[in-house]
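J.: Input structure.tsv, format and content: TSV, C-alpha atoms and all ligand atoms.
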chain	number	residue	atom	x	y	z
B	1	MET	CA	10.21	6.09	-12.32
B	2	GLN	CA	8.05	4.63	-15.07
B	3	ILE	CA	5.18	2.30	-14.15
B	4	ASP	CA	3.34	0.38	-16.85
B	5	VAL	CA	0.08	-1.34	-16.01
B	6	ILE	CA	-1.56	-4.17	-17.95
B	7	THR	CA	-5.29	-3.69	-17.38
B	8	LEU	CA	-8.75	-4.14	-18.89
B	9	PHE	CA	-9.73	-0.88	-17.11
B	10	PRO	CA	-7.15	1.78	-18.05
B	11	GLU	CA	-9.46	4.69	-17.11
B	12	LEU	CA	-9.79	3.31	-13.59
B	13	VAL	CA	-6.01	3.09	-13.16
B	14	HIS	CA	-5.42	6.57	-14.65
B	15	SER	CA	-7.92	8.01	-12.17
B	16	VAL	CA	-5.25	7.73	-9.41
B	17	LEU	CA	-3.61	10.70	-11.14
B	18	ASP	CA	-6.63	12.92	-10.57
B	19	PHE	CA	-5.83	13.54	-6.91
B	20	GLY	CA	-3.07	14.61	-4.57
B	21	VAL	CA	0.35	13.11	-4.35
B	22	VAL	CA	0.24	10.85	-7.42
B	23	GLY	CA	-1.04	13.61	-9.71
B	24	ARG	CA	1.69	15.94	-8.48
B	25	ALA	CA	4.33	13.23	-8.98
B	26	GLN	CA	3.30	12.78	-12.62
B	27	GLN	CA	3.19	16.57	-13.27
B	28	GLN	CA	6.75	16.84	-11.89
B	29	ASN	CA	7.84	13.92	-14.08
B	30	SER	CA	8.85	11.96	-10.98
B	31	LEU	CA	6.40	9.31	-12.16
B	32	GLN	CA	5.31	8.25	-15.64
B	33	LEU	CA	2.24	6.05	-15.81
B	34	LYS	CA	1.23	4.07	-18.92
B	35	THR	CA	-1.51	1.50	-19.38
B	36	TRP	CA	-1.79	-1.36	-21.85
B	37	ASN	CA	-5.19	-2.94	-22.49
B	38	PRO	CA	-5.15	-6.64	-23.46
B	39	ARG	CA	-8.39	-5.94	-25.40
B	40	ARG	CA	-6.26	-4.01	-27.93
B	41	PHE	CA	-4.13	-7.12	-28.49
B	42	THR	CA	-6.91	-9.55	-29.36
B	43	ARG	CA	-7.03	-10.98	-32.86
B	44	ASP	CA	-10.48	-12.60	-32.99
B	45	ARG	CA	-13.61	-10.80	-34.17
B	46	TYR	CA	-15.17	-10.78	-30.69
B	47	GLN	CA	-12.07	-9.29	-29.01
B	48	ALA	CA	-12.32	-12.00	-26.35
B	49	VAL	CA	-9.94	-11.46	-23.42
B	50	ASP	CA	-11.41	-14.30	-21.35
B	51	ASP	CA	-12.66	-17.85	-21.85
B	52	ARG	CA	-14.04	-20.79	-19.85
B	53	PRO	CA	-11.65	-22.75	-17.61
B	54	TYR	CA	-10.33	-26.12	-18.81
B	55	GLY	CA	-11.58	-28.74	-16.37
B	56	GLY	CA	-14.82	-26.87	-15.81
B	57	GLY	CA	-16.01	-24.85	-12.86
B	58	PRO	CA	-17.35	-21.37	-12.31
B	59	GLY	CA	-16.06	-18.09	-13.71
B	60	MET	CA	-13.81	-17.15	-16.57
B	61	VAL	CA	-10.05	-17.06	-17.07
B	62	MET	CA	-8.02	-14.36	-18.84
B	63	LYS	CA	-6.50	-15.67	-22.06
B	64	PHE	CA	-2.71	-15.95	-22.59
B	65	GLU	CA	-2.37	-14.20	-25.95
B	66	PRO	CA	-3.97	-10.80	-25.24
B	67	LEU	CA	-1.97	-10.59	-21.98
B	68	GLN	CA	1.21	-11.51	-23.85
B	69	GLY	CA	0.57	-8.88	-26.53
B	70	ALA	CA	0.02	-6.16	-23.92
B	71	LEU	CA	3.04	-7.22	-21.86
B	72	LEU	CA	5.45	-7.34	-24.82
B	73	ALA	CA	4.32	-3.84	-25.85
B	74	ALA	CA	4.89	-2.63	-22.27
B	75	LYS	CA	8.33	-4.28	-22.20
B	76	GLU	CA	9.31	-2.34	-25.35
B	77	ALA	CA	8.41	0.88	-23.53
B	78	ASN	CA	9.80	0.04	-20.08
B	79	ALA	CA	12.23	-2.23	-18.23
B	80	GLY	CA	11.92	-3.64	-14.71
B	81	PRO	CA	10.35	-6.56	-12.90
B	82	VAL	CA	6.92	-7.90	-13.88
B	83	VAL	CA	4.62	-8.04	-10.86
B	84	TYR	CA	1.27	-9.85	-10.97
B	85	LEU	CA	-1.31	-8.69	-8.42
B	86	SER	CA	-3.21	-11.70	-7.14
B	87	PRO	CA	-4.68	-13.24	-3.98
B	88	GLN	CA	-2.01	-15.98	-4.26
B	89	GLY	CA	0.87	-13.52	-3.91
B	90	LYS	CA	3.21	-12.63	-1.09
B	91	ARG	CA	1.71	-9.88	1.03
B	92	LEU	CA	2.71	-6.33	0.06
B	93	ASP	CA	4.66	-4.43	2.74
B	94	GLN	CA	6.69	-1.23	3.09
B	95	PRO	CA	10.13	-2.91	2.68
B	96	LEU	CA	9.03	-4.35	-0.70
B	97	LEU	CA	7.75	-0.91	-1.77
B	98	ASN	CA	10.98	0.75	-0.61
B	99	ALA	CA	12.97	-1.67	-2.78
B	100	TRP	CA	10.78	-1.04	-5.86
B	101	ALA	CA	10.93	2.74	-5.33
B	102	GLY	CA	14.64	2.70	-6.23
B	103	LEU	CA	14.00	1.12	-9.65
B	104	SER	CA	13.66	3.09	-12.89
B	105	GLY	CA	10.80	0.86	-14.08
B	106	LEU	CA	8.09	-1.54	-12.93
B	107	ILE	CA	5.41	-3.46	-14.84
B	108	LEU	CA	2.19	-4.33	-13.00
B	109	VAL	CA	-0.18	-6.98	-14.35
B	110	THR	CA	-3.77	-6.87	-13.12
B	111	GLY	CA	-6.35	-9.60	-13.54
B	112	ARG	CA	-10.13	-9.76	-13.58
B	113	TYR	CA	-12.49	-12.76	-13.43
B	114	GLU	CA	-11.16	-15.87	-11.63
B	115	GLY	CA	-7.59	-15.14	-12.65
B	116	ILE	CA	-5.20	-15.50	-15.58
B	117	ASP	CA	-3.87	-18.48	-17.54
B	118	GLU	CA	-1.10	-20.02	-15.37
B	119	ARG	CA	1.23	-20.28	-18.37
B	120	PHE	CA	1.43	-16.47	-18.54
B	121	ILE	CA	2.64	-16.42	-14.92
B	122	GLU	CA	5.25	-19.12	-15.64
B	123	ALA	CA	6.50	-17.36	-18.75
B	124	TYR	CA	6.60	-13.72	-17.70
B	125	VAL	CA	5.89	-12.98	-14.02
B	126	ASP	CA	8.81	-12.27	-11.67
B	127	GLN	CA	6.81	-11.69	-8.47
B	128	GLU	CA	3.21	-12.34	-7.39
B	129	VAL	CA	1.90	-9.90	-4.78
B	130	SER	CA	-1.31	-9.62	-2.75
B	131	LEU	CA	-2.74	-6.78	-0.67
B	132	GLY	CA	-3.84	-9.18	2.08
B	133	ASP	CA	-6.30	-11.88	3.01
B	134	TYR	CA	-9.56	-10.39	1.77
B	135	VAL	CA	-11.30	-10.49	-1.59
B	136	ILE	CA	-11.48	-7.58	-4.05
B	137	SER	CA	-12.79	-7.81	-7.60
B	138	GLY	CA	-9.57	-7.41	-9.54
B	139	GLY	CA	-5.96	-6.25	-9.47
B	140	GLU	CA	-6.54	-2.59	-10.48
B	141	LEU	CA	-7.15	-1.28	-6.97
B	142	ALA	CA	-4.05	-3.15	-5.80
B	143	ALA	CA	-2.01	-1.55	-8.61
B	144	MET	CA	-3.36	1.87	-7.58
B	145	VAL	CA	-2.30	1.27	-3.98
B	146	ILE	CA	1.21	0.43	-5.19
B	147	ILE	CA	1.37	3.46	-7.52
B	148	ASP	CA	0.29	5.77	-4.68
B	149	ALA	CA	2.82	4.29	-2.25
B	150	LEU	CA	5.64	4.52	-4.83
B	151	ALA	CA	4.79	8.12	-5.78
B	152	ARG	CA	5.26	9.13	-2.13
B	153	LEU	CA	8.73	7.58	-2.14
B	154	GLN	CA	10.00	9.49	-5.20
B	155	PRO	CA	12.48	12.25	-4.33
B	156	GLY	CA	10.90	15.72	-4.19
B	157	VAL	CA	7.29	14.54	-4.42
B	158	LEU	CA	6.23	15.19	-0.84
B	159	GLY	CA	6.46	18.65	0.67
B	160	ASN	CA	8.58	19.07	3.81
B	161	SER	CA	5.65	18.87	6.21
B	162	GLU	CA	4.40	15.64	4.63
B	163	SER	CA	7.80	13.96	4.25
B	164	ALA	CA	8.81	14.64	7.84
B	165	GLY	CA	6.88	11.37	7.99
B	166	GLN	CA	8.10	9.48	11.00
B	167	ASP	CA	11.03	10.63	13.06
B	168	SER	CA	13.61	7.89	13.40
B	169	PHE	CA	12.63	7.16	17.00
B	170	MET	CA	8.94	6.68	16.07
B	171	ARG	CA	9.68	4.30	13.19
B	172	GLY	CA	8.02	0.91	13.50
B	173	LEU	CA	5.45	2.22	16.00
B	174	LEU	CA	1.82	3.21	15.46
B	175	ASP	CA	1.19	6.94	15.52
B	176	TYR	CA	0.25	8.81	18.70
B	177	PRO	CA	-3.21	10.50	18.89
B	178	HIS	CA	-3.70	13.91	17.26
B	179	TYR	CA	-5.84	16.86	18.34
B	180	THR	CA	-6.67	20.27	16.91
B	181	ARG	CA	-8.94	23.19	17.90
B	182	PRO	CA	-11.22	23.58	19.73
B	183	GLU	CA	-9.91	22.59	23.17
B	184	GLU	CA	-13.23	20.97	24.06
B	185	VAL	CA	-15.81	19.14	21.88
B	186	GLU	CA	-18.95	17.57	23.43
B	187	GLY	CA	-17.30	17.52	26.84
B	188	ARG	CA	-14.07	15.88	25.56
B	189	ARG	CA	-10.96	17.90	26.36
B	190	VAL	CA	-7.58	17.86	24.67
B	191	PRO	CA	-5.03	16.14	27.00
B	192	GLN	CA	-3.64	18.86	29.29
B	193	VAL	CA	0.01	18.06	28.50
B	194	LEU	CA	-0.48	19.15	24.86
B	195	LEU	CA	-1.54	22.62	26.03
B	196	SER	CA	1.36	22.97	28.50
B	197	GLY	CA	4.00	24.29	26.09
B	198	ASP	CA	6.53	21.89	27.69
B	199	HIS	CA	8.02	20.32	24.56
B	200	ALA	CA	10.11	17.66	26.32
B	201	GLN	CA	7.06	16.54	28.30
B	202	ILE	CA	4.93	16.51	25.09
B	203	ALA	CA	7.53	14.40	23.28
B	204	ARG	CA	7.56	11.88	26.16
B	205	TRP	CA	3.75	11.72	26.25
B	206	ARG	CA	3.56	11.12	22.47
B	207	MET	CA	6.21	8.40	22.64
B	208	GLN	CA	4.32	6.74	25.49
B	209	GLN	CA	1.03	6.86	23.57
B	210	ALA	CA	2.72	5.41	20.45
B	211	LEU	CA	4.28	2.60	22.51
B	212	GLY	CA	1.05	1.89	24.38
B	213	ARG	CA	-1.10	1.77	21.27
B	214	THR	CA	1.37	-0.46	19.48
B	215	TRP	CA	1.46	-2.83	22.49
B	216	ARG	CA	-2.36	-2.90	22.57
B	217	ARG	CA	-3.20	-3.09	18.88
B	218	ARG	CA	-0.12	-4.50	17.13
B	219	PRO	CA	2.02	-6.57	19.50
B	220	ASP	CA	3.54	-8.16	16.36
B	221	LEU	CA	5.15	-4.81	15.48
B	222	LEU	CA	6.45	-4.29	19.01
B	223	GLU	CA	8.17	-7.70	18.99
B	224	ARG	CA	10.39	-6.59	16.09
B	225	LEU	CA	11.70	-3.51	17.93
B	226	GLU	CA	14.56	-2.99	20.38
B	227	LEU	CA	13.25	-0.44	22.91
B	228	ASN	CA	15.75	1.83	24.66
B	229	ARG	CA	15.67	2.30	28.47
B	230	GLU	CA	13.46	5.38	28.30
B	231	GLN	CA	10.97	3.62	25.98
B	232	GLN	CA	10.86	0.56	28.26
B	233	ARG	CA	10.15	2.82	31.23
B	234	LEU	CA	7.38	4.69	29.36
B	235	LEU	CA	5.74	1.43	28.24
B	236	GLN	CA	5.93	-0.08	31.76
B	237	GLN	CA	4.22	3.03	33.12
B	238	PHE	CA	1.56	2.86	30.36
B	239	LYS	CA	0.82	-0.80	31.17
B	240	LYS	CA	0.47	0.00	34.89
B	241	GLU	CA	-1.94	2.87	34.19
B	242	ASN	CA	-3.83	1.00	31.41
B	243	PRO	CA	-4.20	-2.71	32.32
B	244	GLU	CA	-4.47	-5.13	29.39
B	245	ASN	CA	-8.15	-6.00	29.93
B	246	GLN	CA	-9.37	-2.42	29.97
B	247	ASP	CA	-10.87	-0.18	27.16
B	301	LIG	C1	-12.57	-18.54	-5.11
B	301	LIG	C2	-11.18	-18.17	-5.00
B	301	LIG	N1	-10.92	-16.72	-5.05
B	301	LIG	C3	-9.46	-16.54	-4.93
B	301	LIG	C4	-9.05	-16.32	-3.51
B	301	LIG	C5	-11.46	-16.12	-6.26
B	301	LIG	C6	-10.92	-14.80	-6.62
B	301	LIG	C7	-11.06	-13.70	-5.78
B	301	LIG	C8	-10.60	-12.44	-6.15
B	301	LIG	C9	-10.29	-14.62	-7.83
B	301	LIG	C10	-9.83	-13.36	-8.20
B	301	LIG	C11	-10.00	-12.28	-7.36
B	301	LIG	C12	-9.56	-10.94	-7.78
B	301	LIG	N2	-8.57	-10.37	-6.84
B	301	LIG	C13	-7.43	-9.82	-7.26
B	301	LIG	O1	-7.19	-9.75	-8.45
B	301	LIG	C14	-6.48	-9.35	-6.28
B	301	LIG	C15	-6.49	-9.35	-4.85
B	301	LIG	C16	-7.46	-9.78	-3.89
B	301	LIG	O2	-8.57	-10.24	-4.19
B	301	LIG	N3	-7.14	-9.66	-2.57
B	301	LIG	C17	-5.97	-9.13	-2.14
B	301	LIG	N4	-5.05	-8.73	-2.98
B	301	LIG	C18	-5.32	-8.82	-4.33
B	301	LIG	S1	-4.27	-8.35	-5.54
B	301	LIG	C19	-5.29	-8.81	-6.74
Spell out the structure here as structure tokens.
T.:
Amino acid sequence: MQIDVITLFPELVHSVLDFGVVGRAQQQNSLQLKTWNPRRFTRDRYQAVDDRPYGGGPGMVMKFEPLQGALLAAKEANAGPVVYLSPQGKRLDQPLLNAWAGLSGLILVTGRYEGIDERFIEAYVDQEVSLGDYVISGGELAAMVIIDALARLQPGVLGNSESAGQDSFMRGLLDYPHYTRPEEVEGRRVPQVLLSGDHAQIARWRMQQALGRTWRRRPDLLERLELNREQQRLLQQFKKENPENQD
């Protein structure tokens, strides 16, 4: 998959390649990352990429023409939908990432300042996407989140132990708690069942913890699931042992 990023901070975006999964994906040619800097597509002597907003008000707005120059260059190098990262977008989620992961190309447009000239969005943007309802300083970190998530979804990028990911019966649930050596730290012991060697019992305990934590912390996720009889029983038991207004 080829991902092209329109950005005023290409070094920042390329730094995702310095670590872990994304770096490995690029080395294996599972992912090709290119950046296009609107600054390189300015035509005035000051190389201005931003200007004051019509109508007044605080902050600056990214100019149409440098963005257009960078985007048209990217489009010559790559196909695929044009996604603008912005606080006004639809919230990013795993189903959207799964859909993009099957494409051969994607073009990400990142903004700085107050945003970009609306006419660029009208003319060129297919989808507007946000990370969520909080403020960050620009779209680059959002693009890096997307690049990381897409690298993980490319065939052959994750090793077996990493890609085991979530077993089908854990999908849609929060993870169960994890423990490693030693058996006791500062008086806190590893739950006895995990030391028992009884794999069926361990699997039931983990499922119950996953169900209980999802019920506690993310009831919205639980509502979307169809629990089987065993899962319903485990959750009922968890609720009895851990009443709602406790811990
Ligand atoms: C005063 C109104 N603000 C918009 C909600 C101003 C503003 C905040 C942050 C304008 C631009 C930005 C820069 N943010 C992004 O480019 C961005 C973003 C974000 O701030 N939150 C969540 N997802 C994203 S994706 C891109």
J.: Skip B:Pro243 itself and residues of its chain fewer than 5 positions away, then list as a PyMOL selection string all residues within 12 Å of it, counting only C-alpha atoms.
T.: chain B and resi 212+215-216+235-238
J.: Suppose you want the space between atom CA of B:Gln28 and atom CA of B:Ile3; what is it in Å?
T.: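 These atoms are spaced 14.8 Å apart.
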J.: Find the spatial neighbours of B:Leu92, counting all atoms listed in the file, within a cut-off of 8 Å - ignore same-chain residues fewer than 4 positions away - and output them as a VMD selection string.
T.: chain B and resid 96 to 97 129 to 132
J.: Smallest atom-to-atom distance to ligand LIG 301 (chain B): which of B:Gln26, B:Gln209, B:Gln127, B:Thr214, using all atoms listed in the file?
T.: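 With all atoms listed in the file as the atom set, the closest residue is B:Gln127.
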J.: Considering all atoms listed in the file, state which residue in the set B:Gln201, B:Asn228, B:Thr7, B:Asn37 is at the smallest distance from ligand LIG 301 (chain B).
T.: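 The answer is B:Thr7, which sits nearest to ligand LIG 301 (chain B).
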